[in-house]
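Structure file start-v1.tsv (TSV, C-alpha atoms) follows.
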chain	number	residue	atom	x	y	z
A	1198	MET	CA	-52.13	219.82	90.16
A	1199	LYS	CA	-50.62	219.37	86.70
A	1200	HIS	CA	-52.85	222.17	85.30
A	1201	ALA	CA	-51.83	224.45	88.16
A	1202	THR	CA	-48.15	223.79	87.46
A	1203	MET	CA	-48.61	224.50	83.74
A	1204	TYR	CA	-50.49	227.71	84.54
A	1205	SER	CA	-47.74	228.76	86.92
A	1206	ARG	CA	-45.06	228.13	84.30
A	1207	ARG	CA	-47.02	230.05	81.67
A	1208	THR	CA	-47.52	232.92	84.12
A	1209	LEU	CA	-43.82	233.03	84.94
A	1210	LEU	CA	-42.96	232.88	81.25
A	1211	GLY	CA	-45.38	235.71	80.49
A	1212	GLN	CA	-43.97	237.80	83.31
A	1213	SER	CA	-40.44	237.15	82.10
A	1214	ILE	CA	-41.35	238.22	78.56
A	1215	ALA	CA	-43.10	241.32	79.87
A	1216	LEU	CA	-40.11	242.26	82.00
A	1217	GLY	CA	-37.83	241.66	79.06
A	1218	LEU	CA	-39.94	243.83	76.77
A	1219	SER	CA	-40.16	246.53	79.44
A	1220	SER	CA	-36.40	246.47	79.79
A	1221	LEU	CA	-35.95	246.70	76.02
A	1222	VAL	CA	-38.38	249.63	75.80
A	1223	GLY	CA	-36.65	251.36	78.70
A	1224	ASN	CA	-33.24	250.82	77.14
A	1225	ALA	CA	-34.52	252.10	73.78
A	1226	ALA	CA	-35.97	255.22	75.41
A	1227	ARG	CA	-32.73	255.86	77.26
A	1228	ALA	CA	-30.74	255.33	74.07
A	1229	ALA	CA	-33.00	257.71	72.14
A	1230	THR	CA	-32.63	260.37	74.82
A	1231	ALA	CA	-28.88	259.90	75.00
A	1232	ALA	CA	-28.69	260.45	71.24
A	1233	TRP	CA	-30.96	263.51	71.41
A	1234	PRO	CA	-30.49	266.07	70.05
A	1235	SER	CA	-28.71	264.65	67.04
A	1236	LYS	CA	-29.46	267.53	64.66
A	1237	PRO	CA	-30.69	271.15	64.79
A	1238	ILE	CA	-34.00	271.67	66.59
A	1239	GLN	CA	-36.70	273.66	64.82
A	1240	VAL	CA	-39.17	275.72	66.86
A	1241	ILE	CA	-42.23	276.63	64.79
A	1242	VAL	CA	-44.14	279.75	65.85
A	1243	PRO	CA	-47.57	280.34	64.28
A	1244	ALA	CA	-47.28	284.13	64.71
A	1245	THR	CA	-45.96	287.10	62.79
A	1246	THR	CA	-42.40	288.39	62.98
A	1247	GLY	CA	-42.02	290.91	65.79
A	1248	SER	CA	-45.01	289.63	67.76
A	1249	ALA	CA	-44.54	288.76	71.42
A	1250	PRO	CA	-44.73	284.96	70.83
A	1251	GLU	CA	-42.12	285.18	68.07
A	1252	ILE	CA	-39.79	287.30	70.20
A	1253	VAL	CA	-40.09	285.00	73.20
A	1254	ALA	CA	-39.60	281.92	71.03
A	1255	ARG	CA	-36.28	283.35	69.83
A	1256	LEU	CA	-35.21	284.00	73.42
A	1257	ILE	CA	-36.10	280.40	74.30
A	1258	ALA	CA	-34.28	279.08	71.22
A	1259	ASP	CA	-31.10	281.02	72.03
A	1260	ALA	CA	-31.12	279.79	75.62
A	1261	LEU	CA	-31.81	276.19	74.59
A	1262	SER	CA	-29.00	276.31	72.02
A	1263	ALA	CA	-26.55	277.24	74.76
A	1264	ARG	CA	-27.86	274.73	77.29
A	1265	LEU	CA	-28.03	271.80	74.83
A	1266	SER	CA	-24.86	272.76	72.90
A	1267	ASN	CA	-26.95	272.25	69.80
A	1268	PRO	CA	-28.44	274.65	67.23
A	1269	VAL	CA	-32.06	275.64	67.89
A	1270	TYR	CA	-33.72	277.92	65.35
A	1271	VAL	CA	-37.12	279.56	65.01
A	1272	GLU	CA	-39.34	279.48	61.96
A	1273	GLY	CA	-42.39	281.73	61.88
A	1274	MET	CA	-45.47	280.33	60.15
A	1275	PRO	CA	-48.35	282.74	60.70
A	1276	GLY	CA	-51.75	282.47	59.14
A	1277	ALA	CA	-55.27	281.12	59.68
A	1278	SER	CA	-55.40	281.90	63.41
A	1279	GLY	CA	-52.24	279.89	64.01
A	1280	ILE	CA	-53.54	276.78	62.26
A	1281	ILE	CA	-50.93	276.64	59.49
A	1282	GLY	CA	-47.88	276.66	61.74
A	1283	THR	CA	-49.44	274.48	64.41
A	1284	ASP	CA	-50.44	271.80	61.92
A	1285	LYS	CA	-46.98	271.85	60.35
A	1286	ALA	CA	-45.28	271.38	63.73
A	1287	LEU	CA	-47.59	268.60	64.90
A	1288	LYS	CA	-47.17	266.60	61.70
A	1289	ALA	CA	-43.36	266.61	62.00
A	1290	PRO	CA	-41.54	263.44	63.15
A	1291	ALA	CA	-42.03	262.97	66.89
A	1292	ASP	CA	-38.31	262.77	67.63
A	1293	GLY	CA	-37.83	265.95	69.67
A	1294	HIS	CA	-36.30	267.92	66.79
A	1295	THR	CA	-39.45	269.90	65.96
A	1296	LEU	CA	-41.23	271.90	68.66
A	1297	LEU	CA	-44.22	274.24	68.70
A	1298	TYR	CA	-44.16	277.53	70.58
A	1299	ALA	CA	-47.66	278.94	70.38
A	1300	MET	CA	-50.45	280.99	71.88
A	1301	ASN	CA	-53.25	279.45	73.91
A	1302	GLN	CA	-55.70	280.08	71.06
A	1303	VAL	CA	-54.37	277.19	68.96
A	1304	ALA	CA	-55.15	274.68	71.71
A	1305	THR	CA	-58.15	276.12	73.54
A	1306	MET	CA	-60.18	278.23	71.08
A	1307	ASN	CA	-59.58	276.89	67.58
A	1308	PRO	CA	-61.10	273.45	68.27
A	1309	HIS	CA	-64.52	275.09	68.77
A	1310	LEU	CA	-64.22	277.60	65.94
A	1311	TYR	CA	-63.07	275.38	63.08
A	1312	PRO	CA	-65.11	272.21	62.48
A	1313	ARG	CA	-62.44	270.87	60.10
A	1314	LEU	CA	-59.39	271.71	62.18
A	1315	PRO	CA	-56.55	269.55	60.80
A	1316	TYR	CA	-55.18	268.76	64.25
A	1317	ASN	CA	-56.69	267.62	67.54
A	1318	PRO	CA	-54.99	269.30	70.53
A	1319	ALA	CA	-55.86	266.52	72.99
A	1320	ARG	CA	-54.55	263.86	70.61
A	1321	ASP	CA	-51.72	265.57	68.73
A	1322	MET	CA	-50.07	267.99	71.19
A	1323	ALA	CA	-47.59	266.76	73.80
A	1324	PRO	CA	-47.34	269.46	76.51
A	1325	ILE	CA	-43.87	270.54	77.59
A	1326	SER	CA	-44.25	273.74	79.63
A	1327	LEU	CA	-46.13	276.96	80.07
A	1328	VAL	CA	-43.68	279.83	79.44
A	1329	ALA	CA	-45.32	283.25	79.66
A	1330	ARG	CA	-48.62	284.86	80.51
A	1331	GLY	CA	-49.89	288.36	79.78
A	1332	GLY	CA	-53.06	290.33	80.12
A	1333	TYR	CA	-54.80	292.82	77.89
A	1334	ALA	CA	-55.68	296.48	78.13
A	1335	LEU	CA	-59.14	297.68	77.19
A	1336	LEU	CA	-58.37	300.71	75.04
A	1337	ALA	CA	-60.68	303.50	73.92
A	1338	HIS	CA	-60.42	306.37	71.47
A	1339	SER	CA	-59.17	309.45	73.31
A	1340	GLY	CA	-62.40	311.35	72.55
A	1341	LEU	CA	-64.77	308.71	73.92
A	1342	PRO	CA	-66.75	310.14	76.90
A	1343	ALA	CA	-65.77	307.25	79.17
A	1344	SER	CA	-62.77	307.11	81.47
A	1345	ASP	CA	-63.11	303.62	82.92
A	1346	LEU	CA	-65.12	300.41	82.57
A	1347	PRO	CA	-68.14	301.54	84.66
A	1348	SER	CA	-68.54	304.67	82.53
A	1349	LEU	CA	-68.18	302.60	79.35
A	1350	ILE	CA	-70.90	300.25	80.60
A	1351	ALA	CA	-73.18	303.21	81.35
A	1352	LEU	CA	-72.54	304.71	77.91
A	1353	ALA	CA	-73.17	301.39	76.15
A	1354	LYS	CA	-76.42	300.86	78.03
A	1355	ARG	CA	-77.65	304.31	77.02
A	1356	GLU	CA	-76.84	303.58	73.37
A	1357	PRO	CA	-77.02	299.79	72.91
A	1358	GLY	CA	-75.36	298.52	69.76
A	1359	LYS	CA	-74.01	301.93	68.72
A	1360	LEU	CA	-70.49	301.71	70.15
A	1361	ALA	CA	-68.13	299.55	68.07
A	1362	TYR	CA	-65.15	297.47	69.08
A	1363	ALA	CA	-62.36	296.29	66.80
A	1364	SER	CA	-60.76	292.85	66.64
A	1365	THR	CA	-58.28	291.11	64.40
A	1366	GLY	CA	-60.96	288.87	62.92
A	1367	ASN	CA	-63.93	286.68	63.74
A	1368	GLY	CA	-62.89	284.03	66.24
A	1369	SER	CA	-59.64	285.77	67.18
A	1370	ALA	CA	-58.58	285.94	70.84
A	1371	PHE	CA	-59.45	289.65	70.81
A	1372	HIS	CA	-62.94	288.91	69.51
A	1373	LEU	CA	-63.58	286.21	72.12
A	1374	GLY	CA	-62.10	288.34	74.91
A	1375	MET	CA	-64.40	291.26	74.13
A	1376	GLU	CA	-67.39	288.94	73.90
A	1377	LEU	CA	-66.52	287.64	77.37
A	1378	ILE	CA	-66.42	291.20	78.71
A	1379	LYS	CA	-69.69	292.04	76.95
A	1380	ALA	CA	-71.41	288.98	78.39
A	1381	GLN	CA	-70.30	289.70	81.94
A	1382	CYS	CA	-71.05	293.43	81.72
A	1383	GLY	CA	-74.44	292.87	80.09
A	1384	ILE	CA	-73.79	295.35	77.26
A	1385	ASP	CA	-74.23	295.34	73.50
A	1386	LEU	CA	-71.29	296.49	71.36
A	1387	LEU	CA	-70.93	296.22	67.58
A	1388	HIS	CA	-68.09	293.95	66.48
A	1389	VAL	CA	-65.93	295.22	63.60
A	1390	PRO	CA	-63.25	292.71	62.50
A	1391	TYR	CA	-60.03	293.81	60.77
A	1392	ARG	CA	-57.32	291.86	59.02
A	1393	SER	CA	-54.57	292.90	61.43
A	1394	GLY	CA	-53.88	294.58	64.74
A	1395	ALA	CA	-52.25	297.50	62.93
A	1396	ASN	CA	-55.43	298.15	60.94
A	1397	ALA	CA	-57.59	297.86	64.05
A	1398	ASN	CA	-55.40	300.31	65.96
A	1399	THR	CA	-55.42	302.81	63.08
A	1400	GLU	CA	-59.22	302.75	63.08
A	1401	LEU	CA	-59.32	303.11	66.87
A	1402	MET	CA	-57.00	306.11	66.83
A	1403	ALA	CA	-59.11	307.70	64.10
A	1404	GLY	CA	-62.26	307.17	66.16
A	1405	ARG	CA	-64.01	305.00	63.57
A	1406	VAL	CA	-64.29	302.33	66.29
A	1407	GLN	CA	-64.46	303.20	69.95
A	1408	VAL	CA	-62.78	300.39	71.90
A	1409	ARG	CA	-60.63	297.28	71.52
A	1410	LEU	CA	-58.53	294.82	73.49
A	1411	GLU	CA	-54.77	295.06	73.01
A	1412	PRO	CA	-51.94	293.04	74.59
A	1413	GLN	CA	-50.34	294.94	77.46
A	1414	ALA	CA	-46.97	295.41	75.82
A	1415	SER	CA	-48.23	297.08	72.65
A	1416	ALA	CA	-50.97	298.91	74.56
A	1417	LEU	CA	-48.36	300.82	76.56
A	1418	ALA	CA	-46.89	302.40	73.45
A	1419	LEU	CA	-50.32	303.40	72.15
A	1420	VAL	CA	-51.37	304.96	75.46
A	1421	ARG	CA	-48.10	306.86	75.82
A	1422	GLY	CA	-48.60	308.21	72.31
A	1423	GLY	CA	-51.74	309.96	73.54
A	1424	ARG	CA	-54.03	308.80	70.70
A	1425	VAL	CA	-55.89	306.28	72.85
A	1426	LYS	CA	-56.59	305.80	76.55
A	1427	ALA	CA	-56.73	302.71	78.74
A	1428	LEU	CA	-60.03	302.09	80.51
A	1429	ALA	CA	-59.02	298.90	82.32
A	1430	VAL	CA	-56.58	295.99	82.35
A	1431	THR	CA	-57.63	292.34	82.44
A	1432	THR	CA	-54.96	291.16	84.89
A	1433	PRO	CA	-55.93	290.38	88.52
A	1434	THR	CA	-53.91	293.37	89.80
A	1435	ARG	CA	-53.05	296.77	88.39
A	1436	LEU	CA	-49.93	297.13	86.27
A	1437	SER	CA	-46.95	298.88	87.82
A	1438	VAL	CA	-46.44	300.73	84.52
A	1439	LEU	CA	-50.09	301.89	84.45
A	1440	PRO	CA	-50.95	302.17	88.16
A	1441	GLN	CA	-53.77	304.64	87.53
A	1442	VAL	CA	-55.67	302.21	85.29
A	1443	PRO	CA	-58.10	299.97	87.22
A	1444	THR	CA	-58.56	296.28	86.61
A	1445	VAL	CA	-61.71	294.81	85.08
A	1446	ARG	CA	-61.91	292.79	88.29
A	1447	GLU	CA	-62.57	295.99	90.26
A	1448	THR	CA	-65.87	296.22	88.38
A	1449	LEU	CA	-66.49	292.50	87.76
A	1450	PRO	CA	-65.28	290.55	90.84
A	1451	GLY	CA	-63.28	287.45	89.94
A	1452	PHE	CA	-62.79	288.43	86.30
A	1453	GLU	CA	-59.49	287.52	84.65
A	1454	LEU	CA	-58.54	287.30	81.00
A	1455	SER	CA	-55.03	286.43	79.99
A	1456	GLY	CA	-53.21	285.16	76.96
A	1457	TRP	CA	-50.43	282.66	77.45
A	1458	ASN	CA	-47.72	281.00	75.42
A	1459	ALA	CA	-46.42	277.48	75.84
A	1460	LEU	CA	-44.08	274.93	74.35
A	1461	TRP	CA	-45.39	271.68	72.87
A	1462	ALA	CA	-44.03	268.76	70.86
A	1463	PRO	CA	-45.78	266.39	68.46
A	1464	ALA	CA	-47.57	263.58	70.31
A	1465	GLY	CA	-45.41	260.49	70.51
A	1466	THR	CA	-42.21	262.39	71.29
A	1467	PRO	CA	-40.23	260.18	73.72
A	1468	ALA	CA	-41.17	260.93	77.33
A	1469	PRO	CA	-37.52	261.33	78.43
A	1470	VAL	CA	-37.08	264.06	75.79
A	1471	ILE	CA	-40.19	265.86	77.10
A	1472	VAL	CA	-38.84	265.61	80.65
A	1473	ARG	CA	-35.45	266.96	79.59
A	1474	LEU	CA	-37.00	269.85	77.67
A	1475	ASN	CA	-39.24	270.73	80.59
A	1476	ALA	CA	-36.27	270.78	82.97
A	1477	GLU	CA	-34.30	273.03	80.61
A	1478	VAL	CA	-37.22	275.46	80.22
A	1479	GLN	CA	-37.64	275.72	84.00
A	1480	GLN	CA	-33.97	276.66	84.31
A	1481	ILE	CA	-34.28	279.23	81.52
A	1482	LEU	CA	-37.27	280.78	83.31
A	1483	LYS	CA	-35.10	281.31	86.40
A	1484	SER	CA	-32.62	283.44	84.45
A	1485	ASP	CA	-32.72	287.11	85.46
A	1486	ALA	CA	-31.93	288.18	81.89
A	1487	PHE	CA	-34.75	286.07	80.43
A	1488	ARG	CA	-37.24	287.25	83.04
A	1489	SER	CA	-36.25	290.86	82.41
A	1490	HIS	CA	-36.86	290.46	78.67
A	1491	LEU	CA	-40.33	289.05	79.29
A	1492	LEU	CA	-41.27	291.74	81.79
A	1493	GLN	CA	-40.26	294.41	79.27
A	1494	LEU	CA	-42.73	292.80	76.86
A	1495	GLY	CA	-45.49	293.05	79.45
A	1496	LEU	CA	-45.37	289.28	80.05
A	1497	THR	CA	-44.99	287.33	83.27
A	1498	PRO	CA	-42.60	284.35	83.18
A	1499	GLU	CA	-44.54	281.29	84.29
A	1500	GLY	CA	-43.40	277.69	84.03
A	1501	SER	CA	-45.27	274.45	84.63
A	1502	THR	CA	-45.02	270.70	84.47
A	1503	PRO	CA	-46.40	268.98	81.36
A	1504	ALA	CA	-49.36	267.77	83.44
A	1505	GLU	CA	-50.12	271.29	84.67
A	1506	LEU	CA	-50.07	272.63	81.11
A	1507	ALA	CA	-52.44	269.84	80.05
A	1508	ALA	CA	-54.81	270.70	82.92
A	1509	LEU	CA	-54.75	274.42	82.10
A	1510	THR	CA	-55.48	273.66	78.44
A	1511	ALA	CA	-58.43	271.44	79.35
A	1512	GLN	CA	-59.86	274.03	81.74
A	1513	GLU	CA	-59.71	276.89	79.27
A	1514	THR	CA	-60.93	274.70	76.41
A	1515	ALA	CA	-64.14	274.11	78.37
A	1516	GLN	CA	-64.47	277.84	79.18
A	1517	TRP	CA	-64.15	278.96	75.56
A	1518	LYS	CA	-66.41	276.18	74.30
A	1519	ALA	CA	-69.17	277.41	76.60
A	1520	LEU	CA	-68.81	280.99	75.36
A	1521	ILE	CA	-68.60	280.04	71.67
A	1522	ASP	CA	-71.60	277.74	71.95
A	1523	LYS	CA	-73.62	280.43	73.73
A	1524	THR	CA	-72.78	283.28	71.37
A	1525	GLY	CA	-72.66	281.29	68.13
A	1526	ILE	CA	-69.32	282.89	67.19
A	1527	LYS	CA	-67.86	281.58	63.96
A	1528	ALA	CA	-64.37	282.04	62.58
A	1529	ASP	CA	-63.64	283.86	59.32

Entire entry expressed as structure tokens:
Amino acid sequence: MKHATMYSRRTLLGQSIALGLSSLVGNAARAATAAWPSKPIQVIVPATTGSAPEIVARLIADALSARLSNPVYVEGMPGASGIIGTDKALKAPADGHTLLYAMNQVATMNPHLYPRLPYNPARDMAPISLVARGGYALLAHSGLPASDLPSLIALAKREPGKLAYASTGNGSAFHLGMELIKAQCGIDLLHVPYRSGANANTELMAGRVQVRLEPQASALALVRGGRVKALAVTTPTRLSVLPQVPTVRETLPGFELSGWNALWAPAGTPAPVIVRLNAEVQQILKSDAFRSHLLQLGLTPEGSTPAELAALTAQETAQWKALIDKTGIKAD
């Protein structure tokens, strides 16, 4: 009986301590959130100036500045397939004053392309929200004797390995996207990597390569210029701005290839700060002005919960791992 009483007292004491610690942690979290933001917030974008991610990040930063009554500024850190900027953001103090606005590649493709990646997405990235999604257009030189994906497939099968496609480098999203199309179409195309999208497009317009994937927004300008033509789009439905261009899905049922951007924080950022940021982003995504800006860029506004972003990342990570393992693709 005495042992039972002592055990009961110890149990009660332990529970009291646990409750006390829980209360202290809860109070500390609330205090940290109440004090946040206490200084300007930096949003790091691992993309070049003028790119869609950089433009959208600035729109998000402006809207957050107004909603939080606190300065939010964007710093572009391109290079190494997004690794430089991503690593910089994730190694910042996890206090909610440094955020990462990045493309899906940094979280879903890079882990399988770079054996010495300095960050681990599953360990180091705290999801906040999905923000925007956009498809690609499959472009061809205007003189190529193919007007759509089926005729490209037929041409490639008549001359396997002779048609070339351009990308912005080994392991880039454009490289992996074309390899996915190749695999599902059962065709052989020669991969020619370039240092930038501008170089790749110059070569495409000159006819030195025959096809390439291009984000919808920039593809529109190229097609309207008349130097290239669109064979297909990778979105599930046709684009209202290019209604005559079929989807890849019309040839390959179920096919979809999209690029997306999202907002993350360094792992360890207080959960209440993540919740607050997610709520603010969802409100920003409801703004007609913000949505209009994204649609003009060929992007679809698309929010999420942190858990939904984590699930999407895990799903696509597995998809790209399977493709990279199968093809043996290696980054530059």

Just the residues within 8 Å of A:Asn1267, please, counting only C-alpha atoms, with nothing from its chain fewer than 6 positions along; format it as a PDB file with C-alpha atoms, in the coordinates of the input.
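Now in selection12.pdb:
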ATOM      1  CA  PRO A1234     -30.490 266.070  70.050  1.00  0.00           C
ATOM      2  CA  LYS A1236     -29.460 267.530  64.660  1.00  0.00           C
ATOM      3  CA  PRO A1237     -30.690 271.150  64.790  1.00  0.00           C
ATOM      4  CA  ILE A1238     -34.000 271.670  66.590  1.00  0.00           C
ATOM      5  CA  LEU A1261     -31.810 276.190  74.590  1.00  0.00           C
TER       6      LEU A1261
END

List every residue of stretch 1231-1294 of chain A that has an atom at most 12 Å from any atom of stretch 1409-1421 of chain A, and for each one report the closest atom pair and its distance in Å to one decimal, counting all atoms listed in the file, with rows sorted by chain and then by increasing residue number, as a Markdown table.
| residue | atom | partner | partner_atom | distance |
| --- | --- | --- | --- | --- |
| A:Gly1247 | CA | A:Ser1415 | CA | 11.1 |
| A:Ser1248 | CA | A:Ser1415 | CA | 9.5 |
| A:Ala1249 | CA | A:Ala1414 | CA | 8.3 |
| A:Pro1250 | CA | A:Pro1412 | CA | 11.5 |

Using only C-alpha atoms, which residue out of A:Met1402, A:Val1269, A:Ser1455, A:Val1470 lies closest to A:Leu1336? A:Met1402

Show which residues sit within 10 Å of A:Gly1282, as a list in words. Count only C-alpha atoms, and ignore same-chain residues fewer than 2 positions away. Ile1241, Val1242, Pro1243, Ala1244, Glu1272, Gly1273, Met1274, Pro1275, Gly1276, Ala1277, Ser1278, Gly1279, Ile1280, Asp1284, Lys1285, Ala1286, Leu1287, Leu1297, Tyr1298, Ala1299 and Val1303 of chain A

For A:Ser1369, find every residue with an atom within 9 Å (counting all atoms listed in the file), except residues of its own chain fewer than 4 positions away, and show them as an MDAnalysis selection string. chainID A and resid 1278 1302 1306:1307 1364:1365 1373:1374 1528

Using only C-alpha atoms, find the one residue out of A:Val1478, A:Leu1509, A:Leu1401, A:Leu1265 that sits nearest to A:Leu1460. A:Val1478

Can you complete the atoms of stretch 1482-1501 of chain A to N, CA and C atoms and list them as an mmCIF file, keeping the file's coordinate frame?
data_model
loop_
_atom_site.group_PDB
_atom_site.id
_atom_site.type_symbol
_atom_site.label_atom_id
_atom_site.label_comp_id
_atom_site.auth_asym_id
_atom_site.auth_seq_id
_atom_site.Cartn_x
_atom_site.Cartn_y
_atom_site.Cartn_z
ATOM 1 N N LEU A 1482 -36.326 279.852 82.688
ATOM 2 C CA LEU A 1482 -37.270 280.780 83.310
ATOM 3 C C LEU A 1482 -36.733 281.386 84.613
ATOM 4 N N LYS A 1483 -35.712 280.774 85.179
ATOM 5 C CA LYS A 1483 -35.100 281.310 86.400
ATOM 6 C C LYS A 1483 -34.046 282.373 86.097
ATOM 7 N N SER A 1484 -33.667 282.490 84.836
ATOM 8 C CA SER A 1484 -32.620 283.440 84.450
ATOM 9 C C SER A 1484 -33.112 284.875 84.595
ATOM 10 N N ASP A 1485 -32.340 285.697 85.274
ATOM 11 C CA ASP A 1485 -32.720 287.110 85.460
ATOM 12 C C ASP A 1485 -32.830 287.823 84.117
ATOM 13 N N ALA A 1486 -31.913 287.516 83.202
ATOM 14 C CA ALA A 1486 -31.930 288.180 81.890
ATOM 15 C C ALA A 1486 -33.194 287.802 81.126
ATOM 16 N N PHE A 1487 -33.550 286.520 81.142
ATOM 17 C CA PHE A 1487 -34.750 286.070 80.430
ATOM 18 C C PHE A 1487 -35.998 286.692 81.041
ATOM 19 N N ARG A 1488 -36.082 286.679 82.357
ATOM 20 C CA ARG A 1488 -37.240 287.250 83.040
ATOM 21 C C ARG A 1488 -37.369 288.735 82.737
ATOM 22 N N SER A 1489 -36.235 289.428 82.701
ATOM 23 C CA SER A 1489 -36.250 290.860 82.410
ATOM 24 C C SER A 1489 -36.788 291.122 81.012
ATOM 25 N N HIS A 1490 -36.361 290.307 80.042
ATOM 26 C CA HIS A 1490 -36.860 290.460 78.670
ATOM 27 C C HIS A 1490 -38.380 290.304 78.621
ATOM 28 N N LEU A 1491 -38.888 289.290 79.314
ATOM 29 C CA LEU A 1491 -40.330 289.050 79.290
ATOM 30 C C LEU A 1491 -41.098 290.181 79.956
ATOM 31 N N LEU A 1492 -40.588 290.658 81.080
ATOM 32 C CA LEU A 1492 -41.270 291.740 81.790
ATOM 33 C C LEU A 1492 -41.317 293.006 80.941
ATOM 34 N N GLN A 1493 -40.270 293.248 80.165
ATOM 35 C CA GLN A 1493 -40.260 294.410 79.270
ATOM 36 C C GLN A 1493 -41.317 294.277 78.177
ATOM 37 N N LEU A 1494 -41.693 293.045 77.856
ATOM 38 C CA LEU A 1494 -42.730 292.800 76.860
ATOM 39 C C LEU A 1494 -44.133 292.816 77.475
ATOM 40 N N GLY A 1495 -44.199 293.067 78.770
ATOM 41 C CA GLY A 1495 -45.490 293.050 79.450
ATOM 42 C C GLY A 1495 -45.966 291.650 79.762
ATOM 43 N N LEU A 1496 -45.035 290.685 79.788
ATOM 44 C CA LEU A 1496 -45.370 289.280 80.050
ATOM 45 C C LEU A 1496 -44.803 288.838 81.387
ATOM 46 N N THR A 1497 -45.467 287.900 82.010
ATOM 47 C CA THR A 1497 -44.990 287.330 83.270
ATOM 48 C C THR A 1497 -44.428 285.947 82.999
ATOM 49 N N PRO A 1498 -43.152 285.698 83.361
ATOM 50 C CA PRO A 1498 -42.600 284.350 83.180
ATOM 51 C C PRO A 1498 -43.359 283.367 84.069
ATOM 52 N N GLU A 1499 -43.748 282.249 83.516
ATOM 53 C CA GLU A 1499 -44.540 281.290 84.290
ATOM 54 C C GLU A 1499 -44.337 279.898 83.733
ATOM 55 N N GLY A 1500 -43.638 279.055 84.469
ATOM 56 C CA GLY A 1500 -43.400 277.690 84.030
ATOM 57 C C GLY A 1500 -44.444 276.740 84.554
ATOM 58 N N SER A 1501 -44.320 275.470 84.171
ATOM 59 C CA SER A 1501 -45.270 274.450 84.630
ATOM 60 C C SER A 1501 -44.680 273.078 84.337
#
